[in-house]
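Undergrad: Input structure: work14.cif, which contains mmCIF, C-alpha atoms.
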data_work
#
loop_
_atom_site.label_atom_id
_atom_site.label_comp_id
_atom_site.auth_asym_id
_atom_site.auth_seq_id
_atom_site.Cartn_x
_atom_site.Cartn_y
_atom_site.Cartn_z
CA MET A 1171 -1.00 21.91 6.53
CA ASN A 1172 -1.24 18.30 5.61
CA ARG A 1173 -0.27 16.11 8.53
CA TRP A 1174 1.86 13.77 6.43
CA TRP A 1175 4.33 16.55 5.79
CA SER A 1176 4.38 17.61 9.43
CA THR A 1177 5.65 14.41 11.02
CA PRO A 1178 7.94 15.54 13.88
CA GLY A 1179 11.58 14.62 14.27
CA ARG A 1180 12.34 13.26 10.80
CA ARG A 1181 15.68 14.55 9.57
CA GLY A 1182 14.84 18.23 9.93
CA ARG A 1183 13.08 18.66 6.60
CA ALA A 1184 11.83 22.15 5.79
CA ARG A 1185 8.11 21.68 5.99
CA THR A 1186 7.18 24.93 4.29
CA ALA A 1187 9.38 24.07 1.34
CA VAL A 1188 7.81 20.65 1.04
CA ALA A 1189 4.33 22.12 1.20
CA ALA A 1190 5.30 24.45 -1.64
CA LEU A 1191 6.47 21.48 -3.66
CA VAL A 1192 3.13 19.76 -3.14
CA VAL A 1193 1.30 22.85 -4.35
CA ALA A 1194 3.60 23.05 -7.37
CA PHE A 1195 2.98 19.40 -8.17
CA VAL A 1196 -0.80 19.79 -8.12
CA ALA A 1197 -0.60 22.99 -10.16
CA ALA A 1198 1.61 21.35 -12.74
CA LEU A 1199 -0.98 18.65 -13.18
CA ALA A 1200 -3.98 20.94 -13.22
CA GLY A 1201 -6.59 20.45 -15.85
CA PRO A 1202 -8.29 17.28 -17.03
CA ALA A 1203 -7.18 14.13 -15.30
CA PRO A 1204 -5.29 11.58 -17.41
CA ALA A 1205 -7.55 9.03 -19.01
CA ALA A 1206 -8.01 6.55 -16.18
CA SER A 1207 -9.32 3.81 -18.37
CA ALA A 1208 -9.75 2.60 -21.87
CA ALA A 1209 -13.24 2.31 -23.36
CA ALA A 1210 -13.76 -1.13 -21.83
CA GLU A 1211 -12.65 -0.06 -18.34
CA PRO A 1212 -14.95 1.37 -15.65
CA PRO A 1213 -14.99 5.14 -15.09
CA LEU A 1214 -13.79 6.65 -11.84
CA ASN A 1215 -16.76 7.78 -9.78
CA THR A 1216 -14.79 9.81 -7.24
CA PRO A 1217 -14.39 13.52 -8.16
CA VAL A 1218 -11.00 14.38 -9.62
CA ALA A 1219 -10.48 17.16 -7.06
CA THR A 1220 -10.95 14.64 -4.25
CA LEU A 1221 -8.50 12.22 -5.83
CA ASP A 1222 -5.94 14.96 -6.40
CA ALA A 1223 -6.22 16.14 -2.80
CA ALA A 1224 -5.41 12.64 -1.55
CA LEU A 1225 -2.15 12.35 -3.51
CA ARG A 1226 1.16 13.24 -1.89
CA CYS A 1227 4.09 13.73 -4.28
CA PRO A 1228 7.16 15.95 -4.54
CA GLY A 1229 6.85 19.02 -6.74
CA THR A 1230 9.47 17.62 -9.09
CA PHE A 1231 10.74 14.12 -9.70
CA THR A 1232 14.53 14.27 -9.49
CA HIS A 1233 15.62 10.63 -9.41
CA PRO A 1234 15.35 9.19 -12.93
CA GLU A 1235 17.63 6.31 -11.96
CA HIS A 1236 14.71 4.73 -10.07
CA GLU A 1237 11.01 4.38 -10.76
CA PRO A 1238 8.90 6.63 -8.53
CA VAL A 1239 7.35 4.82 -5.58
CA LEU A 1240 3.71 4.95 -4.47
CA LEU A 1241 2.94 3.88 -0.87
CA VAL A 1242 -0.54 2.60 0.07
CA HIS A 1243 -1.62 2.29 3.72
CA GLY A 1244 -4.00 -0.16 5.33
CA THR A 1245 -7.13 -0.40 7.48
CA THR A 1246 -7.87 2.21 10.20
CA SER A 1247 -4.64 4.02 9.35
CA THR A 1248 -3.49 7.12 7.48
CA TYR A 1249 -0.57 7.75 5.18
CA GLU A 1250 1.41 9.50 7.91
CA GLU A 1251 0.77 6.84 10.53
CA SER A 1252 1.77 3.97 8.26
CA TRP A 1253 4.56 5.41 6.13
CA GLY A 1254 5.52 8.96 7.10
CA TRP A 1255 8.12 8.00 9.72
CA ASN A 1256 9.67 4.90 8.14
CA TYR A 1257 9.48 3.94 4.46
CA ALA A 1258 8.88 7.42 3.06
CA PRO A 1259 12.02 9.05 4.53
CA ALA A 1260 14.13 5.90 4.17
CA LEU A 1261 13.32 5.54 0.48
CA ARG A 1262 13.84 9.25 -0.15
CA ASP A 1263 17.25 9.00 1.49
CA ALA A 1264 17.99 5.97 -0.70
CA GLY A 1265 17.38 8.02 -3.85
CA TYR A 1266 13.72 7.41 -4.67
CA ASP A 1267 10.98 9.88 -5.48
CA VAL A 1268 8.24 8.91 -3.04
CA CYS A 1269 4.51 9.49 -3.43
CA GLY A 1270 1.66 8.36 -1.24
CA VAL A 1271 -2.09 8.30 -1.20
CA GLU A 1272 -4.49 9.05 1.65
CA LEU A 1273 -7.31 6.53 1.36
CA PRO A 1274 -10.75 7.77 2.41
CA ASN A 1275 -12.13 7.42 5.91
CA ARG A 1276 -9.03 5.65 7.21
CA SER A 1277 -9.67 2.85 4.72
CA MET A 1278 -12.91 1.93 6.43
CA SER A 1279 -15.22 2.61 3.48
CA ASP A 1280 -15.90 0.43 0.44
CA ILE A 1281 -12.60 -0.94 -0.88
CA GLN A 1282 -13.92 -0.59 -4.42
CA ASP A 1283 -14.10 3.19 -3.90
CA ALA A 1284 -10.65 3.30 -2.32
CA ALA A 1285 -9.15 1.44 -5.29
CA GLU A 1286 -10.02 4.41 -7.51
CA TYR A 1287 -7.47 6.46 -5.55
CA ILE A 1288 -4.75 4.02 -6.64
CA VAL A 1289 -5.84 4.15 -10.27
CA HIS A 1290 -5.73 7.93 -10.25
CA ALA A 1291 -2.43 8.11 -8.37
CA VAL A 1292 -0.63 5.82 -10.82
CA ASP A 1293 -2.04 7.75 -13.75
CA ARG A 1294 -0.95 11.06 -12.23
CA ILE A 1295 2.57 9.79 -11.62
CA TYR A 1296 2.74 8.47 -15.17
CA ALA A 1297 1.50 11.80 -16.54
CA ALA A 1298 4.14 13.69 -14.54
CA THR A 1299 7.07 11.39 -15.33
CA GLY A 1300 6.25 9.25 -18.36
CA ARG A 1301 7.55 6.32 -16.32
CA LYS A 1302 6.16 3.29 -14.56
CA ALA A 1303 5.66 3.37 -10.79
CA ASP A 1304 6.60 0.88 -8.10
CA VAL A 1305 3.66 0.41 -5.73
CA ILE A 1306 4.06 -0.83 -2.15
CA GLY A 1307 1.10 -1.71 0.03
CA HIS A 1308 0.49 -2.85 3.58
CA SER A 1309 -2.42 -5.01 4.72
CA GLN A 1310 -5.69 -3.79 3.16
CA GLY A 1311 -3.67 -1.53 0.86
CA ASN A 1312 -2.72 -4.66 -1.05
CA MET A 1313 -6.38 -5.31 -1.82
CA GLU A 1314 -6.81 -1.85 -3.36
CA MET A 1315 -3.62 -2.25 -5.38
CA ARG A 1316 -4.59 -5.64 -6.75
CA TRP A 1317 -8.17 -4.51 -7.46
CA ALA A 1318 -6.88 -1.51 -9.40
CA VAL A 1319 -4.49 -3.40 -11.69
CA LYS A 1320 -7.08 -6.16 -12.25
CA TRP A 1321 -10.05 -4.03 -13.30
CA TRP A 1322 -8.14 -1.13 -14.87
CA PRO A 1323 -5.72 -3.18 -17.01
CA HIS A 1324 -4.12 -0.11 -18.58
CA LEU A 1325 -2.28 0.18 -15.24
CA GLN A 1326 -0.47 -3.06 -16.02
CA SER A 1327 1.73 -1.09 -18.41
CA ARG A 1328 2.22 1.71 -15.85
CA VAL A 1329 3.34 -0.36 -12.84
CA ASP A 1330 6.73 -2.04 -12.74
CA ASP A 1331 6.78 -3.62 -9.27
CA LEU A 1332 3.88 -4.43 -6.97
CA VAL A 1333 5.24 -5.16 -3.49
CA LEU A 1334 2.80 -6.57 -0.95
CA LEU A 1335 3.45 -6.54 2.81
CA ALA A 1336 1.16 -8.57 5.09
CA ASN A 1337 -1.20 -9.44 2.27
CA PRO A 1338 -4.70 -10.75 3.19
CA GLY A 1339 -4.73 -12.44 -0.20
CA HIS A 1340 -7.56 -14.95 0.14
CA GLY A 1341 -9.40 -13.62 3.16
CA VAL A 1342 -8.48 -13.90 6.83
CA THR A 1343 -10.16 -15.61 9.77
CA GLY A 1344 -10.18 -12.29 11.63
CA GLY A 1345 -12.51 -10.92 8.99
CA ASN A 1346 -15.06 -13.59 9.77
CA LEU A 1347 -14.74 -12.86 13.50
CA PHE A 1348 -15.14 -9.08 13.13
CA CYS A 1349 -17.99 -9.34 10.65
CA ILE A 1350 -20.34 -11.87 12.16
CA GLY A 1351 -22.91 -9.09 12.03
CA TRP A 1352 -22.64 -5.38 11.36
CA CYS A 1353 -19.19 -3.92 10.68
CA ALA A 1354 -17.43 -1.32 8.56
CA PRO A 1355 -17.82 -1.67 4.77
CA ALA A 1356 -14.09 -2.30 4.34
CA LEU A 1357 -14.04 -5.20 6.80
CA HIS A 1358 -16.69 -7.44 5.22
CA PRO A 1359 -14.47 -8.15 2.17
CA PHE A 1360 -11.77 -9.60 4.46
CA ASN A 1361 -14.02 -12.58 5.12
CA VAL A 1362 -12.90 -15.89 3.74
CA GLY A 1363 -15.37 -16.59 0.96
CA SER A 1364 -16.47 -12.98 0.47
CA ASP A 1365 -17.65 -11.91 -2.98
CA PHE A 1366 -14.83 -9.36 -3.07
CA VAL A 1367 -12.12 -11.94 -2.42
CA ALA A 1368 -13.63 -14.30 -5.01
CA ALA A 1369 -13.67 -11.55 -7.65
CA LEU A 1370 -10.18 -10.37 -6.75
CA ASN A 1371 -8.69 -13.83 -7.22
CA ARG A 1372 -10.80 -14.91 -10.18
CA ASP A 1373 -8.91 -16.19 -13.25
CA ASP A 1374 -5.52 -14.55 -12.56
CA GLU A 1375 -4.19 -13.52 -9.15
CA THR A 1376 -1.24 -11.57 -10.57
CA PRO A 1377 -2.33 -10.07 -13.90
CA GLY A 1378 -0.14 -8.23 -16.34
CA ASP A 1379 3.57 -7.83 -16.95
CA ILE A 1380 4.19 -6.69 -13.38
CA SER A 1381 6.81 -8.01 -10.97
CA TYR A 1382 4.94 -9.15 -7.86
CA THR A 1383 6.86 -9.52 -4.58
CA ASN A 1384 4.67 -10.78 -1.73
CA ILE A 1385 6.29 -10.70 1.73
CA TYR A 1386 4.55 -12.40 4.66
CA SER A 1387 5.29 -13.74 8.14
CA LEU A 1388 4.40 -16.75 10.26
CA THR A 1389 4.08 -14.43 13.28
CA ASP A 1390 1.66 -11.96 11.68
CA GLU A 1391 -1.27 -12.01 14.08
CA ALA A 1392 -3.67 -10.42 11.56
CA ILE A 1393 -2.98 -12.49 8.43
CA THR A 1394 -4.34 -15.85 9.56
CA PRO A 1395 -3.98 -18.47 8.45
CA PHE A 1396 -0.61 -17.43 7.02
CA THR A 1397 -1.36 -19.66 4.03
CA THR A 1398 -3.86 -17.04 2.85
CA ALA A 1399 -1.04 -14.68 1.85
CA PRO A 1400 0.74 -16.39 -1.09
CA LEU A 1401 -0.47 -15.53 -4.57
CA ASP A 1402 -0.22 -17.59 -7.73
CA GLY A 1403 2.32 -15.95 -10.02
CA ALA A 1404 4.03 -13.86 -7.33
CA LYS A 1405 7.44 -14.22 -5.73
CA ASN A 1406 6.14 -15.25 -2.31
CA VAL A 1407 8.76 -14.62 0.39
CA LEU A 1408 8.22 -15.95 3.91
CA ILE A 1409 10.33 -13.90 6.32
CA GLN A 1410 11.14 -16.96 8.42
CA ASP A 1411 12.60 -18.69 5.34
CA VAL A 1412 15.03 -15.79 5.04
CA CYS A 1413 15.73 -15.43 8.78
CA PRO A 1414 14.59 -18.52 10.74
CA GLY A 1415 12.97 -17.67 14.05
CA ARG A 1416 12.55 -13.97 13.26
CA VAL A 1417 9.41 -12.46 14.81
CA VAL A 1418 7.67 -9.97 12.51
CA ALA A 1419 4.15 -8.97 13.49
CA HIS A 1420 1.54 -7.26 11.34
CA PHE A 1421 2.45 -3.65 12.07
CA SER A 1422 6.18 -4.30 12.50
CA MET A 1423 6.27 -5.21 8.81
CA LEU A 1424 6.40 -1.43 8.38
CA TYR A 1425 9.75 -1.05 10.13
CA ASP A 1426 11.35 -4.49 10.05
CA ALA A 1427 14.87 -4.31 8.57
CA VAL A 1428 14.73 -7.60 6.64
CA THR A 1429 11.37 -6.75 5.09
CA TYR A 1430 12.79 -3.40 3.99
CA LYS A 1431 15.87 -5.04 2.46
CA LEU A 1432 13.63 -7.34 0.45
CA VAL A 1433 11.54 -4.38 -0.71
CA VAL A 1434 14.61 -2.43 -1.84
CA ASP A 1435 15.96 -5.52 -3.59
CA ALA A 1436 12.73 -5.74 -5.59
CA LEU A 1437 12.76 -2.04 -6.44
CA SER A 1438 16.41 -1.91 -7.45
CA HIS A 1439 16.53 -4.95 -9.74
CA ALA A 1440 14.58 -6.19 -12.73
CA GLY A 1441 11.92 -8.64 -11.64
CA SER A 1442 10.85 -9.55 -8.12
CA ALA A 1443 12.94 -9.71 -4.96
CA VAL A 1444 15.56 -12.44 -4.67
CA PRO A 1445 16.38 -13.20 -1.02
CA GLY A 1446 19.73 -14.70 -2.02
CA ARG A 1447 20.92 -11.24 -3.06
CA LEU A 1448 20.61 -9.89 0.48
CA PRO A 1449 23.97 -9.24 2.14
CA PHE A 1450 25.70 -11.43 4.70
CA GLY A 1451 24.45 -10.53 8.17
CA LYS A 1452 21.06 -9.54 6.77
CA CYS A 1453 19.25 -10.87 9.84
CA LEU A 1454 21.21 -8.84 12.39
CA ASP A 1455 19.51 -5.48 11.87
CA VAL A 1456 16.24 -4.86 13.71
CA ASN A 1457 14.69 -1.74 12.19
CA LEU A 1458 14.95 -0.17 8.76
CA PRO A 1459 17.35 2.78 8.31
CA GLY A 1460 16.50 5.86 10.34
CA VAL A 1461 13.87 4.24 12.60
CA TRP A 1462 14.76 4.42 16.28
CA PRO A 1463 13.29 1.95 18.79
CA HIS A 1464 11.14 4.61 20.45
CA GLU A 1465 9.61 5.51 17.06
CA ALA A 1466 8.65 1.89 16.49
CA VAL A 1467 7.05 1.74 19.93
CA GLU A 1468 5.20 5.02 19.42
CA GLY A 1469 4.03 4.07 15.93
CA THR A 1470 2.71 0.74 17.17
CA ALA A 1471 0.87 2.38 20.07
CA VAL A 1472 -0.78 4.98 17.84
CA THR A 1473 -1.89 2.32 15.39
CA ALA A 1474 -3.32 0.09 18.14
CA ALA A 1475 -5.29 2.97 19.66
CA ASN A 1476 -6.68 4.08 16.32
CA PHE A 1477 -7.55 0.53 15.32
CA THR A 1478 -9.61 0.08 18.48
CA ALA A 1479 -11.33 3.44 18.05
CA GLU A 1480 -12.20 2.81 14.42
CA ILE A 1481 -13.50 -0.72 15.03
CA LEU A 1482 -15.81 0.65 17.74
CA ASN A 1483 -16.90 3.92 16.15
CA ALA A 1484 -16.84 3.43 12.38
CA THR A 1485 -20.07 3.46 10.41
CA LYS A 1486 -21.26 -0.13 10.16
CA VAL A 1487 -23.31 -2.00 7.58
CA PRO A 1488 -24.99 -5.41 7.83
CA ALA A 1489 -23.44 -6.97 4.74
CA GLU A 1490 -20.62 -6.76 2.24
CA PRO A 1491 -20.96 -3.88 -0.26
CA PRO A 1492 -22.28 -5.30 -3.55
CA LEU A 1493 -19.77 -5.89 -6.29
CA ARG A 1494 -19.69 -3.24 -8.99
CA PRO A 1495 -21.05 -4.40 -12.36
CA TYR A 1496 -17.55 -4.52 -13.87
CA ALA A 1497 -16.47 -7.15 -11.31
CA GLN A 1498 -19.49 -9.43 -11.51
#
Would it be possible to restate this file's structure as structure tokens?

TA:
Amino acid sequence: MNRWWSTPGRRGRARTAVAALVVAFVAALAGPAPAASAAAEPPLNTPVATLDAALRCPGTFTHPEHEPVLLVHGTTSTYEESWGWNYAPALRDAGYDVCGVELPNRSMSDIQDAAEYIVHAVDRIYAATGRKADVIGHSQGNMEMRWAVKWWPHLQSRVDDLVLLANPGHGVTGGNLFCIGWCAPALHPFNVGSDFVAALNRDDETPGDISYTNIYSLTDEAITPFTTAPLDGAKNVLIQDVCPGRVVAHFSMLYDAVTYKLVVDALSHAGSAVPGRLPFGKCLDVNLPGVWPHEAVEGTAVTAANFTAEILNATKVPAEPPLRPYAQ
């Protein structure tokens, strides 16, 4: 059984029924994959069966009042660890059809490969619903999302909102510290001045007719300097401008109540998030709906342990993976 569907203690969902829905979803979409690109776009090199196996969606989409949501996790994590106990159930309870994607090797492989999973996921959702998707990413997941909509421009007509949490938009100083020498393929591109970052931000940082909401924090220990996060053309929202003095760290972006309110505001209105629409008393809540303090503590501990293990044990390479021909 897929671990994402077996998260304990979350509202008593019938796991066998959910697993059946997943099987039904994949069966309904069996056959040739939707055309992932136009003639001028690069092909997907990852086998379709592998891409399908990484996609988590309900068997049927039952909430036409909202666009379906795709959640994209970050470095050293999994879908369950990042989203399965917080955003996924909260958004489902709020009336959204929620999908997710399991990026390969805990997002420690080449980001260019991982981006293909986003391309395929958006195309699958579009094939199943005929509707645009809202895509939410955390940390490295933002890099895959942005890479996908930049180099597969047909996605720009299949994505309504792109919501970025803790975005390492222009490279982070931690990348340069981790990758002085050998490190995992996914970590080299975090370096300020990497070829990947240069290609990602070349010409247009927010391409297409997509509503970009970019939420970042002064107290995010991983996204440093914090000035790396804002993107030209996005609605850049600094948490401390909304709630002065609020402490939101890198992982707590995934359960912070104000961040979640901004995300839902973006999803539920045309265009990007507007902080002024948040209700009075918006800064009083700590965690997003349904997340108990012990879950936040446990989720943070699991992530910290896995981060350390992956940094130490992941396959390492001496240099940044070369850019694919389409991005050069």

Undergrad: Since I can't run it myself right now, could you work out what the PyMOL selection byres ((chain A and resi 1347-1359) around 6) selects here and report it as a PyMOL selection string?

TA: chain A and resi 1278-1281+1344-1346+1360-1361+1364+1366+1485-1488+1490

Undergrad: For segment 1390-1405 of chain A, list every protein, DNA or RNA residue within 8 Å, evaluated using all atoms listed in the file, and leave out those in the same chain fewer than 5 positions away; present the list as number ranges by chain.

TA: A: 1336-1344, 1374-1376, 1381-1384, 1418-1420, 1442-1443

Undergrad: Just the number, please: distance in Å from atom CA of Ile1385 of chain A to atom CA of Cys1413 of chain A, one decimal.

TA: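 Pair atom CA of Ile1385 of chain A / atom CA of Cys1413 of chain A returns 12.7 Å.
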
Undergrad: Let me know the residues the PyMOL selection byres ((chain A and resi 1307) around 6) catches in the file above, as a ChimeraX atom specification.

TA: /A:1241-1242,1306,1308,1311-1312,1334

Undergrad: Expand the PyMOL selection byres ((chain A and resi 1321) around 8) into the explicit residue set it covers here, and present it as a PDB file with C-alpha atoms, in the coordinates of the input.

TA:
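And here is the file that came out, selection00.pdb:
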ATOM      1  CA  GLU A1211     -12.650  -0.060 -18.340  1.00  0.00           C
ATOM      2  CA  PRO A1212     -14.950   1.370 -15.650  1.00  0.00           C
ATOM      3  CA  TRP A1317      -8.170  -4.510  -7.460  1.00  0.00           C
ATOM      4  CA  ALA A1318      -6.880  -1.510  -9.400  1.00  0.00           C
ATOM      5  CA  VAL A1319      -4.490  -3.400 -11.690  1.00  0.00           C
ATOM      6  CA  LYS A1320      -7.080  -6.160 -12.250  1.00  0.00           C
ATOM      7  CA  TRP A1322      -8.140  -1.130 -14.870  1.00  0.00           C
ATOM      8  CA  PRO A1323      -5.720  -3.180 -17.010  1.00  0.00           C
ATOM      9  CA  TYR A1496     -17.550  -4.520 -13.870  1.00  0.00           C
ATOM     10  CA  ALA A1497     -16.470  -7.150 -11.310  1.00  0.00           C
TER      11      ALA A1497
END

Undergrad: Set up a box along x, y and z of the file covering all listed atoms of segment 1449-1464 of chain A, add 5 Å on every one of the six sides, and write the centre and edge lengths in Å to one decimal, as AutoDock Vina command-line options.

TA:
--center_x 18.4 --center_y -2.8 --center_z 11.3 --size_x 24.6 --size_y 27.3 --size_z 28.3

Undergrad: What separation in Å, quoted to one decimal, exists between atom CA of Tyr1425 of chain A and atom CA of Val1461 of chain A?

TA: 7.1 Å

Undergrad: I'd like the neighbourhood of segment 1449-1460 of chain A as a ChimeraX atom specification, where a residue qualifies if any of its atoms comes within 12 Å (using all atoms listed in the file), though same-chain residues fewer than 5 positions away should be ignored.

TA: /A:1179-1181,1254-1264,1409-1418,1422-1435,1444,1465-1467

Undergrad: Between atom CA of Asp1293 of chain A and atom CA of Val1407 of chain A, what is the distance in Å, rounded to a tenth?

TA: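 Interatomic distance here is 28.6 Å.
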
Undergrad: Ranking A:His1324, A:Arg1494, A:Arg1294, A:Arg1447 by minimum distance to Leu1240 of chain A and counting all atoms listed in the file, which one comes first?

TA: A:Arg1294

Undergrad: Can segment 1235-1249 of chain A be brought up to N, CA and C atoms and written out as a CSV table (one decimal), keeping the file's coordinate frame?

TA:
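Saved file out-v5.csv follows:
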chain,number,residue,atom,x,y,z
A,1235,GLU,N,17.0,7.6,-12.0
A,1235,GLU,CA,17.6,6.3,-12.0
A,1235,GLU,C,16.7,5.2,-11.3
A,1236,HIS,N,15.7,5.7,-10.7
A,1236,HIS,CA,14.7,4.7,-10.1
A,1236,HIS,C,13.3,5.1,-10.5
A,1237,GLU,N,12.4,4.1,-10.6
A,1237,GLU,CA,11.0,4.4,-10.8
A,1237,GLU,C,10.5,5.1,-9.5
A,1238,PRO,N,9.5,6.0,-9.7
A,1238,PRO,CA,8.9,6.6,-8.5
A,1238,PRO,C,8.1,5.6,-7.8
A,1239,VAL,N,8.0,5.8,-6.5
A,1239,VAL,CA,7.4,4.8,-5.6
A,1239,VAL,C,6.0,5.4,-5.1
A,1240,LEU,N,5.0,4.6,-5.1
A,1240,LEU,CA,3.7,5.0,-4.5
A,1240,LEU,C,3.5,4.0,-3.3
A,1241,LEU,N,3.2,4.6,-2.1
A,1241,LEU,CA,2.9,3.9,-0.9
A,1241,LEU,C,1.5,3.9,-0.5
A,1242,VAL,N,0.9,2.7,-0.2
A,1242,VAL,CA,-0.5,2.6,0.1
A,1242,VAL,C,-0.8,2.0,1.5
A,1243,HIS,N,-1.4,2.7,2.3
A,1243,HIS,CA,-1.6,2.3,3.7
A,1243,HIS,C,-2.8,1.3,3.9
A,1244,GLY,N,-3.0,0.8,5.1
A,1244,GLY,CA,-4.0,-0.2,5.3
A,1244,GLY,C,-5.2,0.3,6.2
A,1245,THR,N,-5.9,-0.6,6.8
A,1245,THR,CA,-7.1,-0.4,7.5
A,1245,THR,C,-6.9,0.4,8.7
A,1246,THR,N,-7.8,1.3,9.0
A,1246,THR,CA,-7.9,2.2,10.2
A,1246,THR,C,-6.7,3.1,10.3
A,1247,SER,N,-5.9,3.2,9.3
A,1247,SER,CA,-4.6,4.0,9.4
A,1247,SER,C,-4.7,5.2,8.4
A,1248,THR,N,-3.7,6.0,8.4
A,1248,THR,CA,-3.5,7.1,7.5
A,1248,THR,C,-2.1,7.0,6.8
A,1249,TYR,N,-1.9,7.8,5.8
A,1249,TYR,CA,-0.6,7.8,5.2
A,1249,TYR,C,0.6,8.1,6.2
